[in-house]
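Visitor: Got run.txt for you, compact mmCIF, C-alpha atoms and all ligand atoms:
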```
# COMPACT_ATOMS: atom_id res chain seq x y z
CA MET A 247 0.00 0.00 0.00
CA PHE A 248 2.72 2.39 1.08
CA PHE A 249 4.80 1.49 -1.95
CA ARG A 250 1.88 2.08 -4.32
CA LYS A 251 1.21 5.47 -2.78
CA LYS A 252 4.86 6.47 -3.28
CA GLN A 253 4.75 5.31 -6.88
CA LYS A 254 1.70 7.48 -7.49
CA GLU A 255 3.30 10.56 -5.98
CA THR A 256 6.35 10.35 -8.20
CA LYS A 257 4.99 8.76 -11.36
CA ASP A 258 5.03 12.06 -13.24
CA ILE A 259 8.67 12.70 -12.33
CA ASP A 260 11.06 11.86 -15.16
CA LEU A 261 13.75 9.80 -13.44
CA ASN A 262 16.00 10.28 -16.47
CA ASN A 263 15.92 14.04 -16.06
CA LEU A 264 16.57 14.49 -12.37
CA PRO A 265 18.62 17.39 -11.07
CA GLN A 266 22.09 16.01 -10.43
CA HIS A 267 22.82 18.38 -7.58
CA ILE A 268 20.20 20.03 -5.39
CA GLY A 269 21.11 22.97 -3.15
CA VAL A 270 18.81 23.80 -0.26
CA ILE A 271 18.56 27.00 1.75
CA MET A 272 16.60 25.76 4.75
CA ASP A 273 15.02 29.05 5.78
CA GLY A 274 12.18 29.88 8.17
CA ASN A 275 12.94 27.73 11.22
CA GLY A 276 12.70 30.72 13.57
CA ARG A 277 9.39 31.96 12.16
CA TRP A 278 7.97 28.42 12.22
CA ALA A 279 8.75 28.20 15.94
CA LYS A 280 7.52 31.70 16.77
CA LYS A 281 4.16 30.99 15.13
CA ARG A 282 3.76 28.09 17.53
CA GLY A 283 4.90 30.02 20.60
CA LEU A 284 8.09 27.93 20.76
CA PRO A 285 11.74 29.00 21.11
CA ARG A 286 13.70 29.38 17.86
CA SER A 287 15.71 26.29 18.81
CA ALA A 288 12.56 24.16 18.44
CA GLY A 289 12.37 25.30 14.82
CA HIS A 290 15.96 24.22 14.20
CA SER A 291 15.34 20.81 15.80
CA ALA A 292 12.22 20.29 13.69
CA GLY A 293 14.19 21.39 10.61
CA ALA A 294 16.98 18.90 11.32
CA GLU A 295 14.46 16.04 11.68
CA GLY A 296 12.67 16.98 8.46
CA LEU A 297 15.99 17.12 6.63
CA LYS A 298 16.57 13.40 7.15
CA LYS A 299 13.35 12.61 5.28
CA ILE A 300 14.27 14.93 2.42
CA VAL A 301 17.75 13.42 2.00
CA THR A 302 16.31 9.90 2.18
CA GLU A 303 13.75 10.73 -0.50
CA ALA A 304 16.27 12.48 -2.77
CA ASN A 305 18.48 9.39 -2.48
CA ARG A 306 15.54 7.06 -3.20
CA LEU A 307 14.73 8.98 -6.36
CA GLY A 308 18.34 8.78 -7.54
CA VAL A 309 19.61 12.34 -7.00
CA LYS A 310 23.41 12.18 -6.72
CA TYR A 311 24.29 15.28 -4.66
CA ILE A 312 22.48 17.48 -2.15
CA THR A 313 24.02 20.47 -0.38
CA VAL A 314 22.21 21.96 2.60
CA TYR A 315 22.97 25.38 4.09
CA ALA A 316 23.21 24.61 7.81
CA PHE A 317 25.35 27.46 9.14
CA SER A 318 26.69 30.43 7.19
CA THR A 319 29.81 32.51 7.82
CA GLU A 320 27.36 35.26 8.83
CA ASN A 321 25.38 33.15 11.33
CA TRP A 322 27.97 33.80 14.09
CA LYS A 323 26.19 37.17 14.51
CA ARG A 324 23.20 35.39 16.10
CA PRO A 325 22.79 35.32 19.90
CA LYS A 326 25.35 33.03 21.56
CA GLU A 327 22.66 30.63 22.84
CA GLU A 328 21.34 30.13 19.31
CA VAL A 329 24.85 29.59 17.87
CA ASP A 330 25.63 27.09 20.66
CA PHE A 331 22.34 25.30 20.06
CA LEU A 332 22.95 25.03 16.31
CA MET A 333 26.51 23.76 16.85
CA ASN A 334 25.27 21.09 19.26
CA LEU A 335 22.52 20.12 16.87
CA LEU A 336 25.03 19.79 14.05
CA LEU A 337 27.39 17.76 16.20
CA GLY A 338 24.54 15.42 17.15
CA TYR A 339 23.45 15.19 13.52
CA LEU A 340 26.95 14.25 12.36
CA LYS A 341 27.23 11.59 15.09
CA ASP A 342 23.76 10.28 14.43
CA ALA A 343 24.12 10.35 10.66
CA GLU A 344 26.73 7.62 10.88
CA ARG A 345 23.94 5.32 12.03
CA SER A 346 20.58 6.81 11.11
CA LEU A 347 21.42 7.57 7.49
CA ALA A 348 23.44 4.36 7.13
CA GLY A 349 20.49 2.42 5.79
CA GLU A 350 20.05 5.16 3.23
CA ASN A 351 23.61 4.74 2.01
CA VAL A 352 24.36 8.47 2.32
CA ARG A 353 27.90 9.87 2.03
CA ILE A 354 28.35 12.85 4.29
CA ARG A 355 30.78 15.71 3.74
CA ALA A 356 31.13 19.13 5.34
CA ILE A 357 31.92 22.16 3.19
CA GLY A 358 33.06 25.52 4.53
CA SER A 359 35.88 26.88 6.63
CA ARG A 360 36.63 24.44 9.46
CA LYS A 361 39.25 26.25 11.50
CA GLU A 362 36.68 28.45 13.29
CA LEU A 363 34.68 25.39 14.42
CA SER A 364 35.29 23.69 17.77
CA LYS A 365 37.90 20.90 17.90
CA GLU A 366 35.11 18.45 18.74
CA ILE A 367 33.12 19.32 15.61
CA GLN A 368 36.25 19.31 13.44
CA GLU A 369 37.12 15.83 14.67
CA GLN A 370 33.56 14.56 14.26
CA ILE A 371 33.47 15.86 10.68
CA ILE A 372 36.60 13.86 9.82
CA LYS A 373 35.15 10.78 11.54
CA THR A 374 31.78 10.99 9.80
CA GLU A 375 33.36 11.70 6.41
CA ASN A 376 35.68 8.71 6.76
CA LEU A 377 32.96 6.38 7.98
CA THR A 378 30.63 7.21 5.10
CA LYS A 379 33.13 7.76 2.28
CA ASP A 380 32.73 4.35 0.63
CA ARG A 381 28.94 4.48 0.45
CA SER A 382 27.49 4.50 -3.03
CA GLY A 383 24.37 6.62 -2.53
CA ILE A 384 23.74 10.33 -2.51
CA VAL A 385 26.50 12.71 -1.39
CA MET A 386 25.20 15.09 1.24
CA ASN A 387 27.30 18.23 1.67
CA ILE A 388 26.55 20.01 4.93
CA ALA A 389 27.49 23.66 4.44
CA LEU A 390 28.89 24.52 7.84
CA ASN A 391 30.57 27.86 8.46
CA TYR A 392 30.13 28.21 4.73
CA GLY A 393 30.04 31.39 2.64
CA GLY A 394 30.21 31.60 -1.13
CA ARG A 395 32.55 34.59 -1.00
CA GLU A 396 34.81 32.92 1.58
CA GLU A 397 34.95 29.88 -0.70
CA LEU A 398 36.05 32.05 -3.64
CA ILE A 399 38.71 33.79 -1.49
CA HIS A 400 39.95 30.36 -0.40
CA ALA A 401 40.13 29.31 -4.08
CA ALA A 402 41.90 32.56 -5.09
CA LYS A 403 44.53 32.07 -2.38
CA ASN A 404 45.27 28.54 -3.54
CA LEU A 405 45.51 29.61 -7.18
CA CYS A 406 47.91 32.43 -6.22
CA LYS A 407 50.08 29.98 -4.30
CA LYS A 408 50.21 27.69 -7.34
CA ALA A 409 51.08 30.61 -9.61
CA MET A 410 53.83 31.75 -7.25
CA ALA A 411 55.21 28.22 -7.17
CA GLY A 412 55.33 28.31 -10.96
CA GLU A 413 52.71 25.54 -11.28
CA LEU A 414 50.14 27.74 -13.00
CA ASP A 415 50.25 30.56 -15.55
CA PRO A 416 47.82 33.30 -14.33
CA ASP A 417 46.91 34.12 -17.93
CA GLU A 418 45.84 30.53 -18.50
CA ILE A 419 43.45 30.14 -15.53
CA THR A 420 40.25 28.37 -16.59
CA GLU A 421 36.87 27.64 -14.99
CA ALA A 422 38.12 24.10 -14.34
CA ASP A 423 41.07 25.49 -12.34
CA ILE A 424 38.68 27.44 -10.13
CA ASP A 425 36.30 24.46 -9.82
CA ARG A 426 39.17 22.36 -8.53
CA GLU A 427 39.79 24.76 -5.64
CA LEU A 428 36.17 24.89 -4.44
CA TYR A 429 34.93 22.87 -1.47
CA THR A 430 32.77 21.00 -3.99
CA ALA A 431 35.70 20.05 -6.27
CA GLY A 432 34.80 17.15 -8.51
CA GLN A 433 31.05 17.58 -8.05
CA PRO A 434 28.58 18.81 -10.68
CA ASP A 435 27.17 22.35 -10.47
CA VAL A 436 23.95 22.88 -8.55
CA ASP A 437 21.16 22.58 -11.11
CA LEU A 438 18.22 23.00 -8.73
CA LEU A 439 18.28 25.48 -5.87
CA ILE A 440 15.41 25.38 -3.38
CA ARG A 441 14.83 28.10 -0.80
CA THR A 442 11.98 27.87 1.67
CA SER A 443 10.04 30.50 3.63
CA GLY A 444 9.31 32.90 0.80
CA GLU A 445 12.60 34.81 0.71
CA GLN A 446 14.07 35.14 -2.76
CA ARG A 447 17.81 35.64 -2.46
CA LEU A 448 21.01 33.58 -2.48
CA SER A 449 22.40 34.77 0.85
CA ASN A 450 26.01 33.97 -0.14
CA PHE A 451 25.18 30.33 -0.95
CA MET A 452 27.22 28.57 -3.67
CA LEU A 453 27.70 31.68 -5.78
CA TRP A 454 29.83 29.89 -8.37
CA GLN A 455 28.00 26.56 -8.42
CA VAL A 456 24.48 28.02 -8.78
CA SER A 457 25.41 30.16 -11.82
CA TYR A 458 23.07 28.22 -14.13
CA GLY A 459 20.89 26.61 -11.47
CA GLU A 460 17.12 26.74 -11.64
CA MET A 461 15.81 28.48 -8.54
CA VAL A 462 12.58 27.40 -6.88
CA PHE A 463 11.24 29.47 -4.00
CA VAL A 464 8.75 27.80 -1.69
CA ASP A 465 6.51 29.76 0.69
CA LYS A 466 6.51 27.10 3.42
CA ALA A 467 8.94 27.32 6.32
CA TRP A 468 11.67 24.65 6.26
CA PRO A 469 10.18 22.43 9.03
CA ASP A 470 6.97 22.19 6.94
CA PHE A 471 8.84 21.14 3.79
CA LYS A 472 7.96 17.50 3.10
CA PRO A 473 9.05 14.89 0.52
CA GLU A 474 5.93 15.83 -1.52
CA ASP A 475 7.28 19.38 -1.70
CA LEU A 476 10.60 18.03 -2.98
CA HIS A 477 8.66 16.19 -5.70
CA GLU A 478 6.92 19.42 -6.66
CA CYS A 479 10.25 21.29 -6.86
CA ILE A 480 11.63 18.58 -9.13
CA ARG A 481 8.52 18.78 -11.34
CA ILE A 482 9.03 22.55 -11.62
CA PHE A 483 12.71 21.98 -12.47
CA GLN A 484 11.68 19.53 -15.19
CA SER A 485 9.15 21.96 -16.64
CA ARG A 486 11.75 24.68 -17.18
CA GLY A 487 13.66 25.16 -20.44
CA ARG A 488 17.36 25.24 -19.63
CA ARG A 489 19.40 27.05 -22.28
CA PHE A 490 22.71 27.83 -20.51
CA GLY A 491 22.98 31.13 -22.39
CA GLY A 492 22.15 29.58 -25.77
CA VAL A 493 18.81 29.30 -27.58
CA GLU A 494 16.30 26.47 -27.48
CA ASN A 495 16.51 23.82 -30.24
CA ALA A 496 19.37 25.66 -31.92
C1 LIG A 501 17.49 29.55 8.71
O1 LIG A 501 16.29 29.76 9.40
C2 LIG A 501 18.09 28.33 9.21
C3 LIG A 501 19.33 28.24 9.73
C4 LIG A 501 20.24 29.39 9.88
C5 LIG A 501 19.84 26.96 10.24
C6 LIG A 501 19.47 25.77 9.43
C7 LIG A 501 19.68 24.60 10.28
C8 LIG A 501 18.87 23.50 10.32
C9 LIG A 501 17.72 23.26 9.45
C10 LIG A 501 19.10 22.43 11.29
C11 LIG A 501 20.46 21.95 11.40
C12 LIG A 501 21.01 21.39 10.15
C13 LIG A 501 21.56 20.19 10.08
C14 LIG A 501 22.30 19.75 8.86
C15 LIG A 501 21.46 19.27 11.19
P1 LIG A 501 16.17 31.03 10.34
O2 LIG A 501 16.61 30.64 11.69
O3 LIG A 501 16.92 32.16 9.74
O4 LIG A 501 14.64 31.28 10.31
P2 LIG A 501 13.91 32.71 10.33
O5 LIG A 501 14.31 33.40 9.05
O6 LIG A 501 12.48 32.34 10.37
O7 LIG A 501 14.37 33.41 11.57
```
What do you get writing this file as structure tokens?
Ligand code: FPP

Guide:
Amino acid sequence: MFFRKKQKETKDIDLNNLPQHIGVIMDGNGRWAKKRGLPRSAGHSAGAEGLKKIVTEANRLGVKYITVYAFSTENWKRPKEEVDFLMNLLLGYLKDAERSLAGENVRIRAIGSRKELSKEIQEQIIKTENLTKDRSGIVMNIALNYGGREELIHAAKNLCKKAMAGELDPDEITEADIDRELYTAGQPDVDLLIRTSGEQRLSNFMLWQVSYGEMVFVDKAWPDFKPEDLHECIRIFQSRGRRFGGVENA
């Protein structure tokens, strides 16, 4: 029964035309909680729980990469209690993901600048990445202390070092050279970007990788975003004509 229901929900999704890489800006946790008279932290907890279902469903459909914006380089400006809560939640998620997403065959990676994170989180990231690295399912990038501009600065520094070492001619730098220095090196560009809670901006998320991504903005707050909403976003993605700067049927 359950299986048949799932089939019905996704039967109009073309499994041969799935986005390869989905980026998600999980916005609206705070407002979700406030509406229910709960502390903001309750919104983050609900958002983290919902995320597991979304990753599981994306993996079931056959999506290869998903990147979720969990903590930005700007989020340190939030009250200390909220930052501490988010860091603990992330630590717990990384620990738990070794087991709870194991059945889903999910490979977990963290992207972003690690040196500002606590030793405990840095160590847990390495542990979780190593434990899940041989899995064959979806790659889940958790953007943690991540900023698109910081990522580009990081890439620029590495390219300069290579140029100074005589390994690279600055006049010959290509897109592929920059790609190689990003936290997502070796992964395809984001082709579907989802942002919840009605805001319509990138907020420093994957500035390079989303260049040609289809953006879908959903009014629901992140904790209300369900696998059916993911299906709808994929249907919208599949209904769009992607031209990459060219013309259709040229
Ligand atoms: C934005 O909502 C959300 C965040 C800054 C944190 C996102 C984190 C999670 C969903 C949970 C932790 C993630 C993982 C991977 C375990 P907001 O707080 O800005 O909401 P608001 O705009 O309504 O205030």

Visitor: If you count all atoms listed in the file, which residues fall within 9 Å of Leu332 of chain A, apart from same-chain ones fewer than 2 positions away, as a PDB file with C-alpha atoms, in the coordinates of the input?

Guide:
```pdb
ATOM      1  CA  SER A 287      15.710  26.290  18.810  1.00  0.00           C
ATOM      2  CA  HIS A 290      15.960  24.220  14.200  1.00  0.00           C
ATOM      3  CA  SER A 291      15.340  20.810  15.800  1.00  0.00           C
ATOM      4  CA  ALA A 316      23.210  24.610   7.810  1.00  0.00           C
ATOM      5  CA  PHE A 317      25.350  27.460   9.140  1.00  0.00           C
ATOM      6  CA  GLU A 327      22.660  30.630  22.840  1.00  0.00           C
ATOM      7  CA  GLU A 328      21.340  30.130  19.310  1.00  0.00           C
ATOM      8  CA  VAL A 329      24.850  29.590  17.870  1.00  0.00           C
ATOM      9  CA  ASP A 330      25.630  27.090  20.660  1.00  0.00           C
ATOM     10  CA  ASN A 334      25.270  21.090  19.260  1.00  0.00           C
ATOM     11  CA  LEU A 335      22.520  20.120  16.870  1.00  0.00           C
ATOM     12  CA  LEU A 336      25.030  19.790  14.050  1.00  0.00           C
ATOM     13  CA  LEU A 337      27.390  17.760  16.200  1.00  0.00           C
TER      14      LEU A 337
END
```

Visitor: Can you work out which residues are within 7 Å of ligand LIG 501 (chain A), considering all atoms listed in the file, and then hand them over as a list in words?

Guide: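 I would give the residues around ligand LIG 501 (chain A) as Met272, Asp273, Gly274, Asn275, Gly276, Arg277, Trp278, Arg286, His290, Ser291, Gly293, Ala294, Leu297, Val314, Tyr315, Ala316, Phe317, Asn321, Leu332, Leu335, Leu336, Tyr339, Ile388 and Trp468 of chain A.
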
Visitor: Could you list as a PDB file with C-alpha atoms, keeping the file's coordinate frame every residue that has an atom within 6 Å of (31.0, 29.5, 10.8), using the file's coordinates and counting all atoms listed in the file?

Guide:
```pdb
ATOM      1  CA  SER A 318      26.690  30.430   7.190  1.00  0.00           C
ATOM      2  CA  THR A 319      29.810  32.510   7.820  1.00  0.00           C
ATOM      3  CA  ASN A 391      30.570  27.860   8.460  1.00  0.00           C
TER       4      ASN A 391
END
```

Visitor: For a test of reading the model, state the distance in Å between atom CA of Arg282 of chain A and atom CA of Met333 of chain A, rounded to one decimal.

Guide: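 Computing it gives 23.2 Å between the two atoms.
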
Visitor: So which residues touch Asp380 of chain A within 10 Å, counting only C-alpha atoms, skipping near sequence neighbours fewer than 4 positions away, as a list in words?

Guide: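 In the requested form, the answer reads Asn351, Val352, Arg353, Glu375 and Asn376 of chain A.
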